[in-house]
>>> print(open('model32.cif').read())   # mmCIF, C-alpha atoms
data_coords
#
loop_
_atom_site.group_PDB
_atom_site.id
_atom_site.type_symbol
_atom_site.label_atom_id
_atom_site.label_comp_id
_atom_site.auth_asym_id
_atom_site.auth_seq_id
_atom_site.Cartn_x
_atom_site.Cartn_y
_atom_site.Cartn_z
ATOM 1 C CA MET A 1 5.278 10.060 -25.980
ATOM 2 C CA ARG A 2 5.399 7.193 -28.407
ATOM 3 C CA ILE A 3 3.322 4.022 -28.400
ATOM 4 C CA VAL A 4 3.465 0.898 -30.515
ATOM 5 C CA ILE A 5 0.044 -0.705 -30.835
ATOM 6 C CA GLN A 6 -0.201 -4.355 -31.810
ATOM 7 C CA ARG A 7 -3.502 -6.095 -32.451
ATOM 8 C CA VAL A 8 -3.172 -9.484 -30.775
ATOM 9 C CA ARG A 9 -5.034 -12.736 -30.293
ATOM 10 C CA HIS A 10 -3.391 -12.943 -26.877
ATOM 11 C CA ALA A 11 -0.400 -11.491 -25.014
ATOM 12 C CA ARG A 12 1.302 -11.761 -21.663
ATOM 13 C CA VAL A 13 4.185 -10.283 -19.708
ATOM 14 C CA THR A 14 6.362 -12.352 -17.396
ATOM 15 C CA VAL A 15 8.852 -11.067 -14.817
ATOM 16 C CA GLU A 16 11.113 -13.628 -13.120
ATOM 17 C CA GLY A 17 8.728 -16.448 -14.045
ATOM 18 C CA ARG A 18 5.667 -14.589 -12.711
ATOM 19 C CA ILE A 19 2.915 -13.386 -15.057
ATOM 20 C CA THR A 20 2.292 -9.701 -14.340
ATOM 21 C CA GLY A 21 -0.225 -9.045 -17.110
ATOM 22 C CA GLN A 22 -2.163 -11.175 -19.545
ATOM 23 C CA ILE A 23 -4.926 -10.574 -22.095
ATOM 24 C CA GLY A 24 -6.962 -12.373 -24.701
ATOM 25 C CA ALA A 25 -7.911 -10.674 -27.967
ATOM 26 C CA GLY A 26 -7.190 -6.960 -27.959
ATOM 27 C CA LEU A 27 -4.209 -4.622 -28.002
ATOM 28 C CA LEU A 28 -0.666 -4.921 -26.716
ATOM 29 C CA VAL A 29 0.664 -1.391 -26.219
ATOM 30 C CA LEU A 30 4.350 -0.599 -25.747
ATOM 31 C CA ALA A 31 4.637 2.895 -24.264
ATOM 32 C CA GLY A 32 7.606 5.251 -24.017
ATOM 33 C CA PHE A 33 7.450 8.609 -22.243
ATOM 34 C CA ALA A 34 9.371 11.860 -22.744
ATOM 35 C CA PRO A 35 10.206 14.306 -19.932
ATOM 36 C CA ASP A 36 7.857 16.965 -21.315
ATOM 37 C CA ASP A 37 4.770 14.762 -21.752
ATOM 38 C CA SER A 38 1.752 16.511 -20.271
ATOM 39 C CA PRO A 39 -1.639 15.361 -18.967
ATOM 40 C CA ALA A 40 -3.082 16.595 -22.281
ATOM 41 C CA THR A 41 -0.654 14.327 -24.162
ATOM 42 C CA LEU A 42 -1.590 11.315 -22.059
ATOM 43 C CA SER A 43 -5.300 11.999 -22.516
ATOM 44 C CA TRP A 44 -4.994 12.445 -26.293
ATOM 45 C CA MET A 45 -2.957 9.255 -26.686
ATOM 46 C CA ALA A 46 -5.357 7.232 -24.505
ATOM 47 C CA ARG A 47 -8.404 8.433 -26.486
ATOM 48 C CA LYS A 48 -6.660 7.769 -29.793
ATOM 49 C CA LEU A 49 -5.697 4.277 -28.628
ATOM 50 C CA VAL A 50 -9.154 3.123 -27.539
ATOM 51 C CA GLN A 51 -10.919 4.724 -30.512
ATOM 52 C CA MET A 52 -8.508 3.565 -33.246
ATOM 53 C CA ARG A 53 -10.467 1.473 -35.741
ATOM 54 C CA ILE A 54 -8.165 -1.466 -36.410
ATOM 55 C CA PHE A 55 -10.513 -4.392 -35.813
ATOM 56 C CA SER A 56 -12.572 -5.907 -38.612
ATOM 57 C CA ASP A 57 -16.306 -5.384 -38.942
ATOM 58 C CA GLU A 58 -18.766 -7.881 -40.447
ATOM 59 C CA GLU A 59 -17.516 -7.018 -43.950
ATOM 60 C CA GLY A 60 -13.866 -7.578 -43.080
ATOM 61 C CA LYS A 61 -12.974 -3.869 -43.076
ATOM 62 C CA MET A 62 -10.947 -2.392 -40.239
ATOM 63 C CA ASN A 63 -13.789 -0.307 -38.895
ATOM 64 C CA ARG A 64 -14.066 -1.197 -35.191
ATOM 65 C CA SER A 65 -12.096 -0.098 -32.136
ATOM 66 C CA VAL A 66 -11.042 -2.041 -29.058
ATOM 67 C CA LEU A 67 -13.862 -0.187 -27.320
ATOM 68 C CA ASP A 68 -16.349 -1.454 -29.930
ATOM 69 C CA THR A 69 -15.140 -5.049 -29.751
ATOM 70 C CA GLY A 70 -14.828 -5.305 -25.969
ATOM 71 C CA GLY A 71 -11.187 -6.305 -26.436
ATOM 72 C CA GLU A 72 -8.595 -6.186 -23.709
ATOM 73 C CA VAL A 73 -5.530 -3.954 -23.412
ATOM 74 C CA LEU A 74 -2.060 -4.721 -22.046
ATOM 75 C CA VAL A 75 0.258 -1.713 -21.536
ATOM 76 C CA VAL A 76 4.006 -2.274 -21.170
ATOM 77 C CA SER A 77 6.494 0.514 -20.446
ATOM 78 C CA GLN A 78 9.412 0.633 -22.894
ATOM 79 C CA PHE A 79 11.843 3.541 -22.642
ATOM 80 C CA THR A 80 13.796 2.249 -25.670
ATOM 81 C CA LEU A 81 11.001 3.541 -27.919
ATOM 82 C CA LEU A 82 12.493 7.005 -27.396
ATOM 83 C CA ALA A 83 15.978 5.909 -28.498
ATOM 84 C CA ASP A 84 17.904 8.036 -30.964
ATOM 85 C CA ALA A 85 20.037 5.737 -33.120
ATOM 86 C CA ARG A 86 20.889 8.187 -35.893
ATOM 87 C CA LYS A 87 24.533 8.602 -34.836
ATOM 88 C CA GLY A 88 27.006 5.865 -34.033
ATOM 89 C CA ASN A 89 26.121 2.313 -33.077
ATOM 90 C CA ARG A 90 24.926 2.859 -29.530
ATOM 91 C CA PRO A 91 21.435 4.365 -29.190
ATOM 92 C CA SER A 92 21.041 7.397 -26.964
ATOM 93 C CA TYR A 93 18.171 7.366 -24.484
ATOM 94 C CA THR A 94 18.387 11.000 -23.417
ATOM 95 C CA GLY A 95 14.963 11.631 -24.996
ATOM 96 C CA ALA A 96 13.296 9.207 -22.584
ATOM 97 C CA ALA A 97 11.934 10.411 -19.266
ATOM 98 C CA PRO A 98 13.928 9.229 -16.220
ATOM 99 C CA PRO A 99 12.064 6.834 -13.892
ATOM 100 C CA PRO A 100 10.949 9.497 -11.345
ATOM 101 C CA VAL A 101 9.172 11.290 -14.202
ATOM 102 C CA ALA A 102 8.192 8.276 -16.316
ATOM 103 C CA ILE A 103 6.579 6.174 -13.577
ATOM 104 C CA PRO A 104 3.791 8.688 -12.807
ATOM 105 C CA LEU A 105 3.259 9.255 -16.554
ATOM 106 C CA TYR A 106 2.958 5.503 -17.108
ATOM 107 C CA GLU A 107 0.524 5.119 -14.216
ATOM 108 C CA GLN A 108 -1.585 8.070 -15.409
ATOM 109 C CA PHE A 109 -1.687 6.687 -18.963
ATOM 110 C CA VAL A 110 -2.793 3.251 -17.735
ATOM 111 C CA GLU A 111 -5.489 4.878 -15.598
ATOM 112 C CA ALA A 112 -6.701 7.036 -18.508
ATOM 113 C CA VAL A 113 -6.986 3.996 -20.796
ATOM 114 C CA SER A 114 -8.750 2.042 -18.052
ATOM 115 C CA GLN A 115 -11.286 4.828 -17.492
ATOM 116 C CA LEU A 116 -12.030 5.121 -21.211
ATOM 117 C CA LEU A 117 -12.494 1.352 -21.528
ATOM 118 C CA GLY A 118 -14.532 1.110 -18.342
ATOM 119 C CA ARG A 119 -12.448 -1.814 -17.098
ATOM 120 C CA ALA A 120 -8.991 -2.674 -15.820
ATOM 121 C CA VAL A 121 -5.969 -2.636 -18.089
ATOM 122 C CA ALA A 122 -3.290 -5.326 -17.741
ATOM 123 C CA THR A 123 0.288 -4.100 -17.291
ATOM 124 C CA GLY A 124 3.882 -5.119 -17.191
ATOM 125 C CA GLU A 125 6.161 -4.039 -14.343
ATOM 126 C CA PHE A 126 7.881 -0.689 -14.795
ATOM 127 C CA GLY A 127 11.666 -0.978 -14.966
ATOM 128 C CA ALA A 128 11.724 -4.772 -14.736
ATOM 129 C CA ASP A 129 13.391 -7.164 -17.156
ATOM 130 C CA MET A 130 10.196 -8.363 -18.839
ATOM 131 C CA GLN A 131 9.499 -11.134 -21.289
ATOM 132 C CA VAL A 132 6.613 -10.241 -23.592
ATOM 133 C CA GLU A 133 4.820 -12.964 -25.531
ATOM 134 C CA LEU A 134 2.179 -12.248 -28.128
ATOM 135 C CA LEU A 135 0.345 -13.642 -31.085
ATOM 136 C CA ASN A 136 0.070 -10.680 -33.470
ATOM 137 C CA ASP A 137 -3.272 -10.687 -35.291
ATOM 138 C CA GLY A 138 -3.075 -9.635 -38.927
ATOM 139 C CA PRO A 139 -0.340 -8.607 -38.315
ATOM 140 C CA VAL A 140 -1.496 -5.123 -37.408
ATOM 141 C CA THR A 141 1.113 -2.840 -35.843
ATOM 142 C CA ILE A 142 0.739 0.953 -35.571
ATOM 143 C CA VAL A 143 3.270 3.474 -34.237
ATOM 144 C CA LEU A 144 1.725 6.602 -32.742
ATOM 145 C CA ASP A 145 3.639 9.698 -31.641
ATOM 146 C CA SER A 146 2.157 12.417 -29.460
ATOM 147 C CA ILE A 147 1.020 15.678 -30.997
ATOM 148 C CA GLU A 148 3.372 17.783 -28.844
#
>>> encode(input="model32.cif", output="structure tokens")
Amino acid sequence: MRIVIQRVRHARVTVEGRITGQIGAGLLVLAGFAPDDSPATLSWMARKLVQMRIFSDEEGKMNRSVLDTGGEVLVVSQFTLLADARKGNRPSYTGAAPPPVAIPLYEQFVEAVSQLLGRAVATGEFGADMQVELLNDGPVTIVLDSIE
């Protein structure tokens, strides 16, 4: 599993002109899943995400988490995060989980993040052609790979 975490002032996902997910200040999370991702992986990544201290405290130091700030979270599936572009000019996506495997992983990850935050998490639409708009805050962008 790989996630890209972006601290944002606001973000939204649109599919065919319809907003599927929208947040104010918080985190936009792009999430890619591998076929061998386990419940333990999902749990670890969700905890790491909500506890990551990338928001400023009163002294301007990045010392607060999205949980501490009450920020919102928007999770968007993105299989291209698992692309292997080391050979040739066309990336290979064989490292990404196929939809029958990835959809339940995505749903479980969203649910895990939601439970840790104690509130709903906004989402994109799995497998759709999505337009993602954001105002990156900082900018702060972190790439996190699973421990497995």
>>> atom_distance(input="model32.cif", atom1="CA of Thr80 (chain A)", atom2="CA of Leu28 (chain A)")
16.2 Å
>>> closest_residue(input="model32.cif", among="A:Ser114, A:Thr20, A:Ser77, A:Thr14", to="Ala96 (chain A)", atoms="only C-alpha atoms")
A:Ser77
>>> closest_residue(input="model32.cif", among="A:Tyr106, A:Phe55, A:Phe33, A:Trp44", to="Arg7 (chain A)", atoms="only C-alpha atoms")
A:Phe55
>>> resolve_selection(input="model32.cif", expression="the PyMOL selection byres ((chain A and resi 41) around 8)", output="MDAnalysis selection string")
chainID A and resid 1 37:40 42:45 146:148
>>> resolve_selection(input="model32.cif", expression="the PyMOL selection byres ((chain A and resi 8) around 9)", output="PyMOL selection string")
chain A and resi 6-7+9-11+23-28+134-140
>>> resolve_selection(input="model32.cif", expression="the PyMOL selection byres ((chain A and resi 15) around 9)", output="list in words")
Val13, Thr14, Glu16, Gly17, Arg18, Ile19, Thr20, Gly124, Glu125, Ala128, Asp129, Met130 and Gln131 of chain A
>>> closest_residue(input="model32.cif", among="A:Val110, A:Ala122, A:Val132, A:Ile103", to="Phe79 (chain A)", atoms="all atoms listed in the file")
A:Ile103
>>> residues_around(input="model32.cif", residues="Asp57 (chain A)", least_positions_apart="5", cutoff="10 Å", atoms="only C-alpha atoms", output="PyMOL selection string")
chain A and resi 62-65+68-69
>>> write_last_selection(input="model32.cif", atoms="C-alpha atoms", output="CSV table (one decimal), keeping the file's coordinate frame")
chain,number,residue,atom,x,y,z
A,62,MET,CA,-10.9,-2.4,-40.2
A,63,ASN,CA,-13.8,-0.3,-38.9
A,64,ARG,CA,-14.1,-1.2,-35.2
A,65,SER,CA,-12.1,-0.1,-32.1
A,68,ASP,CA,-16.3,-1.5,-29.9
A,69,THR,CA,-15.1,-5.0,-29.8
>>> closest_residue(input="model32.cif", among="A:Leu67, A:Val143, A:Ala34, A:Leu74", to="Val50 (chain A)", atoms="only C-alpha atoms")
A:Leu67
>>> closest_residue(input="model32.cif", among="A:Asp36, A:Ala102, A:Pro91, A:Leu116", to="Gln51 (chain A)", atoms="only C-alpha atoms")
A:Leu116
>>> build_atoms(input="model32.cif", residues="region 46-57 of chain A", atoms="all heavy atoms", output="PDB file, in the coordinates of the input")
ATOM      1  N   ALA A  46      -4.424   8.243 -25.022  1.00  0.00           N
ATOM      2  CA  ALA A  46      -5.357   7.232 -24.505  1.00  0.00           C
ATOM      3  C   ALA A  46      -6.637   7.203 -25.341  1.00  0.00           C
ATOM      4  O   ALA A  46      -7.117   6.123 -25.710  1.00  0.00           O
ATOM      5  CB  ALA A  46      -5.679   7.507 -23.044  1.00  0.00           C
ATOM      6  N   ARG A  47      -7.191   8.377 -25.649  1.00  0.00           N
ATOM      7  CA  ARG A  47      -8.404   8.433 -26.486  1.00  0.00           C
ATOM      8  C   ARG A  47      -8.140   7.867 -27.873  1.00  0.00           C
ATOM      9  O   ARG A  47      -8.936   7.102 -28.408  1.00  0.00           O
ATOM     10  CB  ARG A  47      -8.916   9.868 -26.600  1.00  0.00           C
ATOM     11  CG  ARG A  47      -9.760  10.327 -25.429  1.00  0.00           C
ATOM     12  CD  ARG A  47     -10.523  11.627 -25.708  1.00  0.00           C
ATOM     13  NE  ARG A  47      -9.798  12.631 -26.459  1.00  0.00           N
ATOM     14  CZ  ARG A  47      -8.928  13.502 -25.935  1.00  0.00           C
ATOM     15  NH1 ARG A  47      -8.689  13.488 -24.632  1.00  0.00           N
ATOM     16  NH2 ARG A  47      -8.314  14.396 -26.694  1.00  0.00           N
ATOM     17  N   LYS A  48      -7.016   8.254 -28.460  1.00  0.00           N
ATOM     18  CA  LYS A  48      -6.660   7.769 -29.793  1.00  0.00           C
ATOM     19  C   LYS A  48      -6.525   6.250 -29.779  1.00  0.00           C
ATOM     20  O   LYS A  48      -7.007   5.572 -30.694  1.00  0.00           O
ATOM     21  CB  LYS A  48      -5.347   8.430 -30.228  1.00  0.00           C
ATOM     22  CG  LYS A  48      -5.049   8.298 -31.666  1.00  0.00           C
ATOM     23  CD  LYS A  48      -5.909   9.237 -32.468  1.00  0.00           C
ATOM     24  CE  LYS A  48      -5.412   9.298 -33.899  1.00  0.00           C
ATOM     25  NZ  LYS A  48      -6.346   9.976 -34.765  1.00  0.00           N
ATOM     26  N   LEU A  49      -5.898   5.721 -28.756  1.00  0.00           N
ATOM     27  CA  LEU A  49      -5.697   4.277 -28.628  1.00  0.00           C
ATOM     28  C   LEU A  49      -7.024   3.519 -28.590  1.00  0.00           C
ATOM     29  O   LEU A  49      -7.230   2.584 -29.361  1.00  0.00           O
ATOM     30  CB  LEU A  49      -4.878   3.972 -27.372  1.00  0.00           C
ATOM     31  CG  LEU A  49      -4.780   2.496 -26.979  1.00  0.00           C
ATOM     32  CD1 LEU A  49      -3.970   1.724 -27.997  1.00  0.00           C
ATOM     33  CD2 LEU A  49      -4.193   2.372 -25.584  1.00  0.00           C
ATOM     34  N   VAL A  50      -7.919   3.898 -27.703  1.00  0.00           N
ATOM     35  CA  VAL A  50      -9.154   3.123 -27.539  1.00  0.00           C
ATOM     36  C   VAL A  50     -10.146   3.345 -28.675  1.00  0.00           C
ATOM     37  O   VAL A  50     -11.022   2.512 -28.898  1.00  0.00           O
ATOM     38  CB  VAL A  50      -9.833   3.371 -26.174  1.00  0.00           C
ATOM     39  CG1 VAL A  50      -8.891   3.020 -25.022  1.00  0.00           C
ATOM     40  CG2 VAL A  50     -10.373   4.760 -26.049  1.00  0.00           C
ATOM     41  N   GLN A  51      -9.987   4.442 -29.419  1.00  0.00           N
ATOM     42  CA  GLN A  51     -10.919   4.724 -30.512  1.00  0.00           C
ATOM     43  C   GLN A  51     -10.379   4.331 -31.890  1.00  0.00           C
ATOM     44  O   GLN A  51     -11.107   4.412 -32.879  1.00  0.00           O
ATOM     45  CB  GLN A  51     -11.275   6.217 -30.519  1.00  0.00           C
ATOM     46  CG  GLN A  51     -12.063   6.629 -29.300  1.00  0.00           C
ATOM     47  CD  GLN A  51     -12.311   8.131 -29.234  1.00  0.00           C
ATOM     48  OE1 GLN A  51     -11.813   8.908 -30.045  1.00  0.00           O
ATOM     49  NE2 GLN A  51     -13.082   8.537 -28.240  1.00  0.00           N
ATOM     50  N   MET A  52      -9.106   3.903 -31.964  1.00  0.00           N
ATOM     51  CA  MET A  52      -8.508   3.565 -33.246  1.00  0.00           C
ATOM     52  C   MET A  52      -9.207   2.347 -33.858  1.00  0.00           C
ATOM     53  O   MET A  52      -9.316   1.299 -33.235  1.00  0.00           O
ATOM     54  CB  MET A  52      -7.019   3.293 -33.085  1.00  0.00           C
ATOM     55  CG  MET A  52      -6.319   3.157 -34.415  1.00  0.00           C
ATOM     56  SD  MET A  52      -4.534   3.137 -34.258  1.00  0.00           S
ATOM     57  CE  MET A  52      -4.226   4.801 -33.678  1.00  0.00           C
ATOM     58  N   ARG A  53      -9.684   2.512 -35.078  1.00  0.00           N
ATOM     59  CA  ARG A  53     -10.467   1.473 -35.741  1.00  0.00           C
ATOM     60  C   ARG A  53      -9.549   0.533 -36.515  1.00  0.00           C
ATOM     61  O   ARG A  53      -9.291   0.721 -37.699  1.00  0.00           O
ATOM     62  CB  ARG A  53     -11.515   2.113 -36.640  1.00  0.00           C
ATOM     63  CG  ARG A  53     -12.471   2.979 -35.824  1.00  0.00           C
ATOM     64  CD  ARG A  53     -13.594   3.572 -36.594  1.00  0.00           C
ATOM     65  NE  ARG A  53     -13.186   4.104 -37.890  1.00  0.00           N
ATOM     66  CZ  ARG A  53     -14.012   4.648 -38.765  1.00  0.00           C
ATOM     67  NH1 ARG A  53     -15.293   4.736 -38.490  1.00  0.00           N
ATOM     68  NH2 ARG A  53     -13.570   5.114 -39.903  1.00  0.00           N
ATOM     69  N   ILE A  54      -9.077  -0.507 -35.799  1.00  0.00           N
ATOM     70  CA  ILE A  54      -8.165  -1.466 -36.410  1.00  0.00           C
ATOM     71  C   ILE A  54      -8.644  -2.913 -36.254  1.00  0.00           C
ATOM     72  O   ILE A  54      -7.878  -3.840 -36.510  1.00  0.00           O
ATOM     73  CB  ILE A  54      -6.727  -1.296 -35.865  1.00  0.00           C
ATOM     74  CG1 ILE A  54      -6.668  -1.411 -34.350  1.00  0.00           C
ATOM     75  CG2 ILE A  54      -6.145   0.030 -36.330  1.00  0.00           C
ATOM     76  CD1 ILE A  54      -5.258  -1.364 -33.780  1.00  0.00           C
ATOM     77  N   PHE A  55      -9.911  -3.066 -35.878  1.00  0.00           N
ATOM     78  CA  PHE A  55     -10.513  -4.392 -35.813  1.00  0.00           C
ATOM     79  C   PHE A  55     -11.549  -4.507 -36.929  1.00  0.00           C
ATOM     80  O   PHE A  55     -12.232  -3.530 -37.262  1.00  0.00           O
ATOM     81  CB  PHE A  55     -11.183  -4.628 -34.453  1.00  0.00           C
ATOM     82  CG  PHE A  55     -10.203  -4.755 -33.324  1.00  0.00           C
ATOM     83  CD1 PHE A  55      -9.781  -3.635 -32.629  1.00  0.00           C
ATOM     84  CD2 PHE A  55      -9.684  -5.986 -32.969  1.00  0.00           C
ATOM     85  CE1 PHE A  55      -8.868  -3.722 -31.607  1.00  0.00           C
ATOM     86  CE2 PHE A  55      -8.768  -6.101 -31.938  1.00  0.00           C
ATOM     87  CZ  PHE A  55      -8.357  -4.967 -31.256  1.00  0.00           C
ATOM     88  N   SER A  56     -11.675  -5.695 -37.474  1.00  0.00           N
ATOM     89  CA  SER A  56     -12.572  -5.907 -38.612  1.00  0.00           C
ATOM     90  C   SER A  56     -14.032  -5.889 -38.209  1.00  0.00           C
ATOM     91  O   SER A  56     -14.408  -6.387 -37.146  1.00  0.00           O
ATOM     92  CB  SER A  56     -12.259  -7.252 -39.273  1.00  0.00           C
ATOM     93  OG  SER A  56     -10.946  -7.244 -39.774  1.00  0.00           O
ATOM     94  N   ASP A  57     -14.851  -5.328 -39.105  1.00  0.00           N
ATOM     95  CA  ASP A  57     -16.306  -5.384 -38.942  1.00  0.00           C
ATOM     96  C   ASP A  57     -16.829  -6.623 -39.667  1.00  0.00           C
ATOM     97  O   ASP A  57     -16.049  -7.477 -40.100  1.00  0.00           O
ATOM     98  CB  ASP A  57     -16.973  -4.093 -39.430  1.00  0.00           C
ATOM     99  CG  ASP A  57     -16.782  -3.833 -40.922  1.00  0.00           C
ATOM    100  OD1 ASP A  57     -16.368  -4.749 -41.670  1.00  0.00           O
ATOM    101  OD2 ASP A  57     -17.049  -2.688 -41.352  1.00  0.00           O
TER     102      ASP A  57
END
